[in-house]
>>> print(open('start00.cif').read())   # mmCIF, C-alpha atoms and all ligand atoms
data_data
loop_
_atom_site.group_PDB
_atom_site.id
_atom_site.type_symbol
_atom_site.label_atom_id
_atom_site.label_comp_id
_atom_site.auth_asym_id
_atom_site.auth_seq_id
_atom_site.Cartn_x
_atom_site.Cartn_y
_atom_site.Cartn_z
ATOM 1 C CA MET A 1 9.542 -4.895 21.849
ATOM 2 C CA SER A 2 6.898 -3.551 19.523
ATOM 3 C CA ILE A 3 4.020 -5.543 18.094
ATOM 4 C CA LEU A 4 5.551 -4.876 14.683
ATOM 5 C CA SER A 5 8.837 -6.567 15.585
ATOM 6 C CA ILE A 6 7.062 -9.841 16.474
ATOM 7 C CA ALA A 7 4.925 -9.883 13.316
ATOM 8 C CA SER A 8 5.940 -11.891 10.244
ATOM 9 C CA ASN A 9 6.986 -9.838 7.210
ATOM 10 C CA ALA A 10 3.815 -10.905 5.425
ATOM 11 C CA SER A 11 1.528 -9.816 8.290
ATOM 12 C CA ALA A 12 3.365 -6.514 8.641
ATOM 13 C CA TRP A 13 3.018 -5.780 4.936
ATOM 14 C CA ARG A 14 -0.630 -6.867 4.703
ATOM 15 C CA GLY A 15 -1.373 -4.890 7.866
ATOM 16 C CA TYR A 16 0.158 -1.837 6.267
ATOM 17 C CA GLU A 17 -2.065 -2.313 3.217
ATOM 18 C CA TYR A 18 -5.114 -2.602 5.495
ATOM 19 C CA TYR A 19 -4.063 0.573 7.264
ATOM 20 C CA GLU A 20 -3.587 2.351 3.934
ATOM 21 C CA GLY A 21 -6.933 1.035 2.719
ATOM 22 C CA LYS A 22 -8.595 2.429 5.858
ATOM 23 C CA ARG A 23 -9.979 -0.938 6.920
ATOM 24 C CA VAL A 24 -9.912 0.007 10.578
ATOM 25 C CA LEU A 25 -13.523 1.103 10.924
ATOM 26 C CA SER A 26 -13.310 2.442 14.478
ATOM 27 C CA TRP A 27 -11.064 2.314 17.494
ATOM 28 C CA LYS A 28 -10.739 3.661 21.004
ATOM 29 C CA GLN A 29 -8.163 3.659 23.729
ATOM 30 C CA THR A 30 -9.310 1.431 26.575
ATOM 31 C CA GLY A 31 -6.288 1.472 28.845
ATOM 32 C CA GLU A 32 -2.891 3.065 29.183
ATOM 33 C CA HIS A 33 -1.449 0.645 26.613
ATOM 34 C CA GLU A 34 -4.654 -0.907 25.286
ATOM 35 C CA PHE A 35 -6.599 -0.151 22.149
ATOM 36 C CA ASP A 36 -9.795 -1.698 20.910
ATOM 37 C CA GLY A 37 -10.836 -1.659 17.281
ATOM 38 C CA GLU A 38 -13.054 -3.040 14.538
ATOM 39 C CA VAL A 39 -11.218 -4.073 11.378
ATOM 40 C CA ALA A 40 -12.902 -5.008 8.086
ATOM 41 C CA GLY A 41 -11.744 -8.421 6.810
ATOM 42 C CA SER A 42 -11.275 -9.471 3.204
ATOM 43 C CA GLU A 43 -14.888 -10.663 2.889
ATOM 44 C CA LYS A 44 -17.753 -8.957 4.676
ATOM 45 C CA GLN A 45 -16.724 -9.899 8.206
ATOM 46 C CA VAL A 46 -15.588 -7.398 10.764
ATOM 47 C CA TYR A 47 -13.010 -8.528 13.318
ATOM 48 C CA HIS A 48 -12.684 -7.349 16.851
ATOM 49 C CA VAL A 49 -9.093 -6.514 17.631
ATOM 50 C CA ILE A 50 -7.435 -5.598 20.898
ATOM 51 C CA ILE A 51 -3.808 -4.575 20.970
ATOM 52 C CA ASP A 52 -1.660 -4.152 24.031
ATOM 53 C CA THR A 53 1.389 -2.089 23.131
ATOM 54 C CA GLU A 54 3.184 -2.904 26.355
ATOM 55 C CA HIS A 55 2.610 -6.651 26.127
ATOM 56 C CA PRO A 56 2.122 -7.235 22.372
ATOM 57 C CA LYS A 57 1.646 -10.978 22.873
ATOM 58 C CA LYS A 58 -1.495 -10.298 24.895
ATOM 59 C CA SER A 59 -3.103 -8.703 21.846
ATOM 60 C CA THR A 60 -6.104 -10.556 20.435
ATOM 61 C CA CYS A 61 -8.096 -10.767 17.212
ATOM 62 C CA ASN A 62 -11.014 -13.053 16.465
ATOM 63 C CA CYS A 63 -10.067 -13.748 12.854
ATOM 64 C CA PRO A 64 -9.545 -17.457 11.975
ATOM 65 C CA HIS A 65 -5.798 -16.936 11.613
ATOM 66 C CA ALA A 66 -5.169 -15.470 15.051
ATOM 67 C CA GLU A 67 -8.062 -16.518 17.267
ATOM 68 C CA GLY A 68 -6.816 -18.264 20.397
ATOM 69 C CA LYS A 69 -3.209 -17.939 19.236
ATOM 70 C CA ARG A 70 -0.432 -15.486 19.837
ATOM 71 C CA ILE A 71 0.020 -14.834 16.146
ATOM 72 C CA VAL A 72 0.290 -11.190 15.147
ATOM 73 C CA CYS A 73 -2.171 -10.986 12.253
ATOM 74 C CA LYS A 74 -2.610 -8.185 9.716
ATOM 75 C CA HIS A 75 -5.648 -6.858 11.630
ATOM 76 C CA LYS A 76 -3.539 -6.206 14.730
ATOM 77 C CA ILE A 77 -0.930 -4.430 12.634
ATOM 78 C CA ALA A 78 -3.590 -2.399 10.811
ATOM 79 C CA LEU A 79 -4.962 -1.221 14.161
ATOM 80 C CA PHE A 80 -1.445 -0.514 15.458
ATOM 81 C CA PHE A 81 -0.617 1.641 12.413
ATOM 82 C CA THR A 82 -3.958 3.453 12.622
ATOM 83 C CA VAL A 83 -3.357 4.342 16.270
ATOM 84 C CA PHE A 84 0.293 5.237 15.610
ATOM 85 C CA PRO A 85 0.575 6.663 12.074
ATOM 86 C CA LYS A 86 4.166 7.676 12.782
ATOM 87 C CA GLU A 87 5.068 3.979 13.121
ATOM 88 C CA ALA A 88 3.459 3.344 9.729
ATOM 89 C CA ALA A 89 5.511 6.130 8.145
ATOM 90 C CA GLU A 90 8.706 4.715 9.671
ATOM 91 C CA TYR A 91 7.840 1.223 8.493
ATOM 92 C CA MET A 92 7.312 2.512 4.944
ATOM 93 C CA ALA A 93 10.535 4.546 5.070
ATOM 94 C CA GLU A 94 12.439 1.387 6.046
ATOM 95 C CA ILE A 95 10.953 -0.562 3.153
ATOM 96 C CA GLU A 96 11.798 2.210 0.692
ATOM 97 C CA GLU A 97 15.325 2.389 2.090
ATOM 98 C CA TYR A 98 15.711 -1.369 1.637
ATOM 99 C CA GLU A 99 14.466 -1.135 -1.957
ATOM 100 C CA ARG A 100 16.868 1.716 -2.690
ATOM 101 C CA GLU A 101 19.761 -0.341 -1.343
ATOM 102 C CA GLU A 102 18.615 -3.329 -3.356
ATOM 103 C CA GLU A 103 18.559 -1.217 -6.535
ATOM 104 C CA GLU A 104 22.028 0.093 -5.724
ATOM 105 C CA ARG A 105 23.317 -3.451 -5.268
ATOM 106 C CA GLU A 106 21.829 -4.455 -8.624
ATOM 107 C CA GLN A 107 23.350 -1.402 -10.307
ATOM 108 C CA GLU A 108 26.730 -2.224 -8.752
ATOM 109 C CA SER A 109 26.733 -5.798 -9.992
ATOM 110 C CA TYR A 110 25.628 -4.622 -13.429
ATOM 111 C CA ASP A 111 28.501 -2.110 -13.510
ATOM 112 C CA ARG A 112 30.939 -4.765 -12.315
ATOM 113 C CA ILE A 113 29.881 -7.210 -15.027
ATOM 114 C CA VAL A 114 30.022 -4.565 -17.772
ATOM 115 C CA GLU A 115 33.484 -3.545 -16.622
ATOM 116 C CA TYR A 116 34.631 -7.156 -16.556
ATOM 117 C CA VAL A 117 33.306 -7.895 -20.041
ATOM 118 C CA HIS A 118 34.999 -4.802 -21.445
ATOM 119 C CA SER A 119 38.299 -5.854 -19.886
ATOM 120 C CA LEU A 120 38.355 -9.163 -21.774
ATOM 121 C CA SER A 121 40.159 -9.856 -25.020
ATOM 122 C CA LYS A 122 38.144 -11.496 -27.798
ATOM 123 C CA GLU A 123 39.585 -14.912 -26.903
ATOM 124 C CA GLU A 124 38.921 -14.492 -23.202
ATOM 125 C CA PHE A 125 35.442 -13.275 -23.971
ATOM 126 C CA ARG A 126 34.682 -16.367 -26.070
ATOM 127 C CA ASN A 127 35.919 -18.695 -23.336
ATOM 128 C CA ALA A 128 33.970 -16.872 -20.656
ATOM 129 C CA LEU A 129 30.811 -17.038 -22.748
ATOM 130 C CA ILE A 130 31.268 -20.760 -23.434
ATOM 131 C CA ASN A 131 31.818 -21.427 -19.742
ATOM 132 C CA SER A 132 28.756 -19.534 -18.630
ATOM 133 C CA LEU A 133 26.583 -21.237 -21.272
ATOM 134 C CA LEU A 134 27.862 -24.607 -20.057
ATOM 135 C CA GLU A 135 27.142 -23.618 -16.475
ATOM 136 C CA ALA A 136 23.635 -22.482 -17.403
ATOM 137 C CA GLU A 137 23.019 -25.796 -19.144
ATOM 138 C CA GLU A 138 24.259 -27.776 -16.145
ATOM 139 C CA ARG A 139 22.003 -25.747 -13.875
ATOM 140 C CA ASP A 140 19.043 -26.556 -16.114
ATOM 141 C CA HIS A 141 19.827 -30.278 -16.119
ATOM 142 C CA TYR A 142 20.305 -30.257 -12.393
ATOM 143 C CA HIS A 143 16.905 -28.653 -12.094
ATOM 144 C CA TYR A 144 15.008 -31.486 -13.770
HETATM 145 ZN ZN ZN B 1 -6.786 -10.939 12.767
#
>>> encode(input="start00.cif", output="structure tokens", more="lines below")
Ligand SMILES: [Zn+2]
Amino acid sequence: MSILSIASNASAWRGYEYYEGKRVLSWKQTGEHEFDGEVAGSEKQVYHVIIDTEHPKKSTCNCPHAEGKRIVCKHKIALFFTVFPKEAAEYMAEIEEYEREEEEREQESYDRIVEYVHSLSKEEFRNALINSLLEAEERDHYHY
């Protein structure tokens, strides 16, 4: 179980941005699976981060979000990606793959709708349009 897999999507993404923005000021390996680093926060503070890649939940950071808790914050992820750039590249590749699939899905539903509309007679088209306008209106009313 990697530290990345127990991080929230938001922390993983923000951690990646911190890694990209080179906010990890320094780091060193302190044990077989332990790394110690200084990570620049969003203001002027610098946080002290320790990650344990074998026992990710033992990782610590003294930022207000993670201090004293087992939360995987963006600073831990930033340090993880800085120590293991290959993991960062894989993470990014996964996100790009997901976005590609998402675009494909959107293209497919667009194609399906265009095909459907072209298959309709004028009468069918009018009825379909009336129905979807009614549905849209009901959705709006329901909303308020
Ligand atoms: Zn932190």
>>> closest_residue(input="start00.cif", among="A:Arg139, A:Arg70, A:Arg105, A:His55", to="ligand ZN 1 (chain B)", atoms="only C-alpha atoms and all ligand atoms")
A:Arg70
>>> closest_residue(input="start00.cif", among="A:Asn62, A:Gln45, A:Ser26, A:Ser11", to="ligand ZN 1 (chain B)", atoms="all atoms listed in the file")
A:Asn62
>>> residues_near_ligand(input="start00.cif", ligand="ligand ZN 1 (chain B)", cutoff="7 Å", atoms="all atoms listed in the file", output="PDB file with C-alpha atoms, keeping the file's coordinate frame")
ATOM      1  CA  TYR A  47     -13.010  -8.528  13.318  1.00  0.00           C
ATOM      2  CA  VAL A  49      -9.093  -6.514  17.631  1.00  0.00           C
ATOM      3  CA  CYS A  61      -8.096 -10.767  17.212  1.00  0.00           C
ATOM      4  CA  ASN A  62     -11.014 -13.053  16.465  1.00  0.00           C
ATOM      5  CA  CYS A  63     -10.067 -13.748  12.854  1.00  0.00           C
ATOM      6  CA  HIS A  65      -5.798 -16.936  11.613  1.00  0.00           C
ATOM      7  CA  ALA A  66      -5.169 -15.470  15.051  1.00  0.00           C
ATOM      8  CA  CYS A  73      -2.171 -10.986  12.253  1.00  0.00           C
ATOM      9  CA  LYS A  74      -2.610  -8.185   9.716  1.00  0.00           C
ATOM     10  CA  HIS A  75      -5.648  -6.858  11.630  1.00  0.00           C
ATOM     11  CA  LYS A  76      -3.539  -6.206  14.730  1.00  0.00           C
TER      12      LYS A  76
END
>>> residues_around(input="start00.cif", residues="Val24 of chain A", least_positions_apart="3", cutoff="9 Å", atoms="all atoms listed in the file", output="JSON, numbers by chain")
{"A": [18, 19, 21, 27, 37, 38, 39, 40, 75, 78, 79, 82]}
>>> closest_residue(input="start00.cif", among="A:Glu34, A:Ile95, A:Glu43, A:Glu67", to="Ala12 of chain A", atoms="all atoms listed in the file")
A:Ile95
>>> closest_atom_pairs(input="start00.cif", of="segment 23-80 of chain A", to="segment 6-10 of chain A", cutoff="9 Å", atoms="all atoms listed in the file", output="CSV")
residue,atom,partner,partner_atom,distance
A:Pro56,CA,A:Ile6,CA,8.1
A:Lys57,CA,A:Ile6,CA,8.5
A:Ile71,CA,A:Ala7,CA,7.5
A:Val72,CA,A:Ala7,CA,5.2
A:Cys73,CA,A:Ala7,CA,7.3
A:Lys74,CA,A:Ala10,CA,8.2
A:Ile77,CA,A:Ala7,CA,8.0
>>> write_last_selection(input="start00.cif", atoms="C-alpha atoms", output="PDB file, in the coordinates of the input")
ATOM      1  CA  PRO A  56       2.122  -7.235  22.372  1.00  0.00           C
ATOM      2  CA  LYS A  57       1.646 -10.978  22.873  1.00  0.00           C
ATOM      3  CA  ILE A  71       0.020 -14.834  16.146  1.00  0.00           C
ATOM      4  CA  VAL A  72       0.290 -11.190  15.147  1.00  0.00           C
ATOM      5  CA  CYS A  73      -2.171 -10.986  12.253  1.00  0.00           C
ATOM      6  CA  LYS A  74      -2.610  -8.185   9.716  1.00  0.00           C
ATOM      7  CA  ILE A  77      -0.930  -4.430  12.634  1.00  0.00           C
TER       8      ILE A  77
END
>>> atom_distance(input="start00.cif", atom1="atom CA of Lys28 of chain A", atom2="atom CA of Ala89 of chain A")
20.9 Å
>>> residues_around(input="start00.cif", residues="His33 of chain A", least_positions_apart="6", cutoff="12 Å", atoms="all atoms listed in the file", output="PyMOL selection string")
chain A and resi 2-3+50-56+58-59+80+83
>>> atom_distance(input="start00.cif", atom1="atom CA of Lys22 of chain A", atom2="atom CA of Gly41 of chain A")
11.3 Å
>>> atom_distance(input="start00.cif", atom1="atom CA of Tyr91 of chain A", atom2="atom CA of Trp13 of chain A")
9.2 Å
